[in-house]
>>> print(open('coords02.tsv').read())   # TSV, C-alpha atoms
chain	number	residue	atom	x	y	z
A	1	MET	CA	12.81	47.72	16.17
A	2	PHE	CA	10.41	50.39	17.31
A	3	LYS	CA	6.96	50.53	18.87
A	4	TYR	CA	3.90	51.68	16.98
A	5	THR	CA	2.98	54.67	19.12
A	6	SER	CA	1.94	58.24	18.45
A	7	ASN	CA	5.45	59.30	19.54
A	8	THR	CA	6.99	57.09	16.81
A	9	LEU	CA	4.56	58.55	14.27
A	10	LYS	CA	5.63	62.05	15.30
A	11	LYS	CA	9.32	61.13	14.84
A	12	VAL	CA	8.66	59.84	11.32
A	13	GLU	CA	6.58	62.91	10.48
A	14	ASP	CA	9.41	65.16	11.74
A	15	ILE	CA	11.83	63.53	9.29
A	16	TYR	CA	9.47	64.45	6.46
A	17	ARG	CA	9.02	68.00	7.74
A	18	MET	CA	12.76	68.57	8.06
A	19	SER	CA	13.09	67.45	4.42
A	20	GLY	CA	10.48	69.99	3.31
A	21	TYR	CA	7.54	67.60	2.90
A	22	ILE	CA	3.99	68.15	4.09
A	23	ILE	CA	2.00	65.18	5.35
A	24	ARG	CA	-1.77	65.26	5.00
A	25	TYR	CA	-4.25	62.68	6.22
A	26	GLU	CA	-7.25	62.61	3.91
A	27	LYS	CA	-9.57	60.16	2.27
A	28	GLY	CA	-8.94	59.38	-1.34
A	29	ASN	CA	-9.10	56.81	-4.11
A	30	PHE	CA	-5.51	55.62	-3.83
A	31	LYS	CA	-5.18	51.85	-3.70
A	32	SER	CA	-1.85	51.76	-1.88
A	33	GLY	CA	-3.15	53.86	1.03
A	34	TYR	CA	-1.03	56.85	0.14
A	35	CYS	CA	-0.20	59.26	-2.66
A	36	ILE	CA	2.97	61.29	-3.26
A	37	LEU	CA	2.84	64.66	-5.00
A	38	GLU	CA	6.56	64.99	-5.67
A	39	THR	CA	6.56	68.40	-7.33
A	40	LYS	CA	4.75	69.94	-4.35
A	41	LYS	CA	6.50	67.78	-1.72
A	42	VAL	CA	3.20	66.56	-0.31
A	43	VAL	CA	2.44	63.08	0.98
A	44	VAL	CA	-1.23	62.15	1.42
A	45	VAL	CA	-2.04	59.16	3.63
A	46	ASN	CA	-5.44	57.54	4.10
A	47	LYS	CA	-7.01	59.25	7.11
A	48	TYR	CA	-8.81	56.09	8.18
A	49	TYR	CA	-5.56	54.24	8.87
A	50	ASP	CA	-4.60	53.56	12.46
A	51	ILE	CA	-1.22	54.60	13.86
A	52	GLU	CA	0.52	51.38	12.85
A	53	ALA	CA	-0.65	51.61	9.23
A	54	ARG	CA	0.28	55.31	9.05
A	55	ILE	CA	3.80	54.59	10.31
A	56	ASN	CA	4.19	51.69	7.88
A	57	CYS	CA	3.04	53.85	4.94
A	58	LEU	CA	5.41	56.67	5.81
A	59	ILE	CA	8.33	54.27	6.27
A	60	GLU	CA	7.51	52.59	2.95
A	61	ILE	CA	7.64	55.98	1.20
A	62	LEU	CA	10.97	57.12	2.74
A	63	PRO	CA	13.22	55.51	0.07
A	64	GLU	CA	11.20	57.22	-2.68
A	65	ILE	CA	11.72	60.79	-1.46
A	66	ASP	CA	14.75	63.05	-1.17
A	67	ILE	CA	15.64	63.27	2.50
A	68	ASN	CA	17.75	66.24	3.51
A	69	GLU	CA	19.97	64.46	6.04
A	70	GLU	CA	21.92	67.65	6.74
A	71	ALA	CA	18.77	69.23	8.20
A	72	LEU	CA	18.15	66.29	10.54
A	73	SER	CA	19.26	66.25	14.15
A	74	PRO	CA	21.59	63.46	15.32
A	75	GLU	CA	18.61	61.81	17.05
A	76	GLN	CA	16.58	61.91	13.83
A	77	LYS	CA	19.49	60.45	11.84
A	78	LYS	CA	19.79	57.61	14.32
A	79	PHE	CA	16.04	56.95	14.12
A	80	LEU	CA	16.22	57.03	10.31
A	81	GLU	CA	18.96	54.39	10.31
A	82	LYS	CA	16.68	52.00	12.21
>>> encode(input="coords02.tsv", output="structure tokens")
Amino acid sequence: MFKYTSNTLKKVEDIYRMSGYIIRYEKGNFKSGYCILETKKVVVVNKYYDIEARINCLIEILPEIDINEEALSPEQKKFLEK
């Protein structure tokens, strides 16, 4: 398991960045707390979420996006497996 810290959030965000995705924190009318713009590789997460909710949203989205595992460092791959 992992801790819900800003360092963990940064690790998850780095996985997205290495796969070519942009993460934006904005307010919006999305009921799930996030929105994925697949053609533009943008993920929008509710800006009012705390760190734990942001991490959970980003982890929930991971299976839905194309992750470029070749671009990830060994540390990032290990974190992704968790």
>>> closest_residue(input="coords02.tsv", among="A:Leu9, A:Ile67, A:Glu38, A:Lys3", to="Ile51 of chain A", atoms="only C-alpha atoms")
A:Leu9
>>> atom_distance(input="coords02.tsv", atom1="atom CA of Asp66 of chain A", atom2="atom CA of Met18 of chain A")
10.9 Å
>>> atom_distance(input="coords02.tsv", atom1="atom CA of Lys41 of chain A", atom2="atom CA of Gly20 of chain A")
6.8 Å
>>> closest_residue(input="coords02.tsv", among="A:Asn68, A:Glu81, A:Ser32, A:Ile55", to="Tyr16 of chain A", atoms="all atoms listed in the file")
A:Asn68
>>> residues_near_point(input="coords02.tsv", point="(-0.8, 64.2, 4.8)", cutoff="9 Å", atoms="only C-alpha atoms", output="count of residues only")
13
>>> atom_distance(input="coords02.tsv", atom1="atom CA of Leu62 of chain A", atom2="atom CA of Ile36 of chain A")
10.8 Å
>>> axis_aligned_box(input="coords02.tsv", around="segment 19-37 of chain A", padding_each_side="8 Å", output="AutoDock Vina command-line options")
--center_x 1.8 --center_y 60.9 --center_z 0.6 --size_x 38.7 --size_y 34.2 --size_z 27.2
>>> closest_residue(input="coords02.tsv", among="A:Asn56, A:Thr39, A:Ser19, A:Asn7", to="Glu70 of chain A", atoms="all atoms listed in the file")
A:Ser19
>>> decode(input="coords02.tsv", residues="segment 45-81 of chain A", atoms="N, CA and C atoms", output="JSON list (two decimals), in the first residue's frame")
[["chain", "number", "residue", "atom", "x", "y", "z"],
["A", 45, "VAL", "N", -9.35, 16.94, -13.20],
["A", 45, "VAL", "CA", -9.79, 16.47, -11.89],
["A", 45, "VAL", "C", -10.36, 17.66, -11.12],
["A", 46, "ASN", "N", -11.38, 17.41, -10.33],
["A", 46, "ASN", "CA", -12.01, 18.45, -9.53],
["A", 46, "ASN", "C", -10.96, 19.12, -8.64],
["A", 47, "LYS", "N", -10.83, 20.43, -8.77],
["A", 47, "LYS", "CA", -9.79, 21.15, -8.03],
["A", 47, "LYS", "C", -10.08, 21.26, -6.54],
["A", 48, "TYR", "N", -11.29, 20.97, -6.13],
["A", 48, "TYR", "CA", -11.63, 21.07, -4.72],
["A", 48, "TYR", "C", -11.35, 19.78, -3.95],
["A", 49, "TYR", "N", -10.90, 18.75, -4.64],
["A", 49, "TYR", "CA", -10.56, 17.49, -3.99],
["A", 49, "TYR", "C", -9.27, 17.64, -3.18],
["A", 50, "ASP", "N", -9.22, 16.94, -2.07],
["A", 50, "ASP", "CA", -7.99, 16.90, -1.29],
["A", 50, "ASP", "C", -7.02, 15.91, -1.93],
["A", 51, "ILE", "N", -5.84, 15.78, -1.36],
["A", 51, "ILE", "CA", -4.80, 14.93, -1.95],
["A", 51, "ILE", "C", -5.27, 13.48, -2.09],
["A", 52, "GLU", "N", -5.91, 12.96, -1.07],
["A", 52, "GLU", "CA", -6.37, 11.57, -1.11],
["A", 52, "GLU", "C", -7.35, 11.33, -2.25],
["A", 53, "ALA", "N", -8.31, 12.23, -2.42],
["A", 53, "ALA", "CA", -9.30, 12.08, -3.48],
["A", 53, "ALA", "C", -8.65, 12.24, -4.86],
["A", 54, "ARG", "N", -7.68, 13.14, -4.98],
["A", 54, "ARG", "CA", -6.99, 13.32, -6.26],
["A", 54, "ARG", "C", -6.23, 12.05, -6.64],
["A", 55, "ILE", "N", -5.52, 11.48, -5.67],
["A", 55, "ILE", "CA", -4.77, 10.24, -5.93],
["A", 55, "ILE", "C", -5.74, 9.13, -6.33],
["A", 56, "ASN", "N", -6.83, 8.98, -5.59],
["A", 56, "ASN", "CA", -7.81, 7.93, -5.91],
["A", 56, "ASN", "C", -8.40, 8.10, -7.30],
["A", 57, "CYS", "N", -8.71, 9.34, -7.69],
["A", 57, "CYS", "CA", -9.24, 9.59, -9.04],
["A", 57, "CYS", "C", -8.23, 9.19, -10.10],
["A", 58, "LEU", "N", -7.00, 9.63, -9.92],
["A", 58, "LEU", "CA", -5.97, 9.34, -10.92],
["A", 58, "LEU", "C", -5.69, 7.85, -11.02],
["A", 59, "ILE", "N", -5.71, 7.15, -9.89],
["A", 59, "ILE", "CA", -5.50, 5.70, -9.92],
["A", 59, "ILE", "C", -6.68, 5.00, -10.57],
["A", 60, "GLU", "N", -7.88, 5.50, -10.34],
["A", 60, "GLU", "CA", -9.08, 4.92, -10.95],
["A", 60, "GLU", "C", -9.05, 5.06, -12.47],
["A", 61, "ILE", "N", -8.46, 6.13, -12.96],
["A", 61, "ILE", "CA", -8.40, 6.39, -14.40],
["A", 61, "ILE", "C", -7.33, 5.57, -15.10],
["A", 62, "LEU", "N", -6.25, 5.21, -14.39],
["A", 62, "LEU", "CA", -5.10, 4.53, -15.02],
["A", 62, "LEU", "C", -5.46, 3.39, -15.96],
["A", 63, "PRO", "N", -6.38, 2.47, -15.60],
["A", 63, "PRO", "CA", -6.69, 1.38, -16.53],
["A", 63, "PRO", "C", -7.36, 1.84, -17.83],
["A", 64, "GLU", "N", -7.92, 3.04, -17.83],
["A", 64, "GLU", "CA", -8.65, 3.54, -18.99],
["A", 64, "GLU", "C", -7.76, 4.23, -20.02],
["A", 65, "ILE", "N", -6.52, 4.53, -19.65],
["A", 65, "ILE", "CA", -5.65, 5.27, -20.57],
["A", 65, "ILE", "C", -4.53, 4.36, -21.08],
["A", 66, "ASP", "N", -3.90, 4.80, -22.15],
["A", 66, "ASP", "CA", -2.76, 4.07, -22.70],
["A", 66, "ASP", "C", -1.50, 4.55, -22.00],
["A", 67, "ILE", "N", -0.90, 3.69, -21.21],
["A", 67, "ILE", "CA", 0.32, 4.04, -20.50],
["A", 67, "ILE", "C", 1.51, 3.55, -21.31],
["A", 68, "ASN", "N", 2.43, 4.45, -21.57],
["A", 68, "ASN", "CA", 3.63, 4.10, -22.30],
["A", 68, "ASN", "C", 4.67, 3.59, -21.30],
["A", 69, "GLU", "N", 4.64, 2.28, -21.03],
["A", 69, "GLU", "CA", 5.51, 1.71, -20.02],
["A", 69, "GLU", "C", 6.98, 1.78, -20.41],
["A", 70, "GLU", "N", 7.27, 1.86, -21.69],
["A", 70, "GLU", "CA", 8.66, 1.97, -22.14],
["A", 70, "GLU", "C", 9.28, 3.30, -21.71],
["A", 71, "ALA", "N", 8.46, 4.34, -21.57],
["A", 71, "ALA", "CA", 8.97, 5.65, -21.20],
["A", 71, "ALA", "C", 9.14, 5.80, -19.68],
["A", 72, "LEU", "N", 8.62, 4.83, -18.92],
["A", 72, "LEU", "CA", 8.69, 4.92, -17.47],
["A", 72, "LEU", "C", 10.03, 4.42, -16.95],
["A", 73, "SER", "N", 10.48, 5.02, -15.87],
["A", 73, "SER", "CA", 11.70, 4.57, -15.21],
["A", 73, "SER", "C", 11.39, 3.29, -14.44],
["A", 74, "PRO", "N", 12.41, 2.52, -14.06],
["A", 74, "PRO", "CA", 12.16, 1.31, -13.27],
["A", 74, "PRO", "C", 11.40, 1.60, -11.96],
["A", 75, "GLU", "N", 11.70, 2.74, -11.35],
["A", 75, "GLU", "CA", 11.00, 3.12, -10.11],
["A", 75, "GLU", "C", 9.52, 3.37, -10.38],
["A", 76, "GLN", "N", 9.23, 4.04, -11.50],
["A", 76, "GLN", "CA", 7.84, 4.33, -11.86],
["A", 76, "GLN", "C", 7.09, 3.04, -12.20],
["A", 77, "LYS", "N", 7.76, 2.11, -12.88],
["A", 77, "LYS", "CA", 7.12, 0.82, -13.19],
["A", 77, "LYS", "C", 6.78, 0.07, -11.91],
["A", 78, "LYS", "N", 7.68, 0.10, -10.96],
["A", 78, "LYS", "CA", 7.45, -0.59, -9.69],
["A", 78, "LYS", "C", 6.28, 0.06, -8.95],
["A", 79, "PHE", "N", 6.22, 1.39, -8.96],
["A", 79, "PHE", "CA", 5.12, 2.09, -8.32],
["A", 79, "PHE", "C", 3.80, 1.77, -9.02],
["A", 80, "LEU", "N", 3.83, 1.69, -10.35],
["A", 80, "LEU", "CA", 2.63, 1.39, -11.13],
["A", 80, "LEU", "C", 2.09, 0.00, -10.80],
["A", 81, "GLU", "N", 2.99, -0.95, -10.57],
["A", 81, "GLU", "CA", 2.57, -2.31, -10.23],
["A", 81, "GLU", "C", 1.83, -2.38, -8.90]]
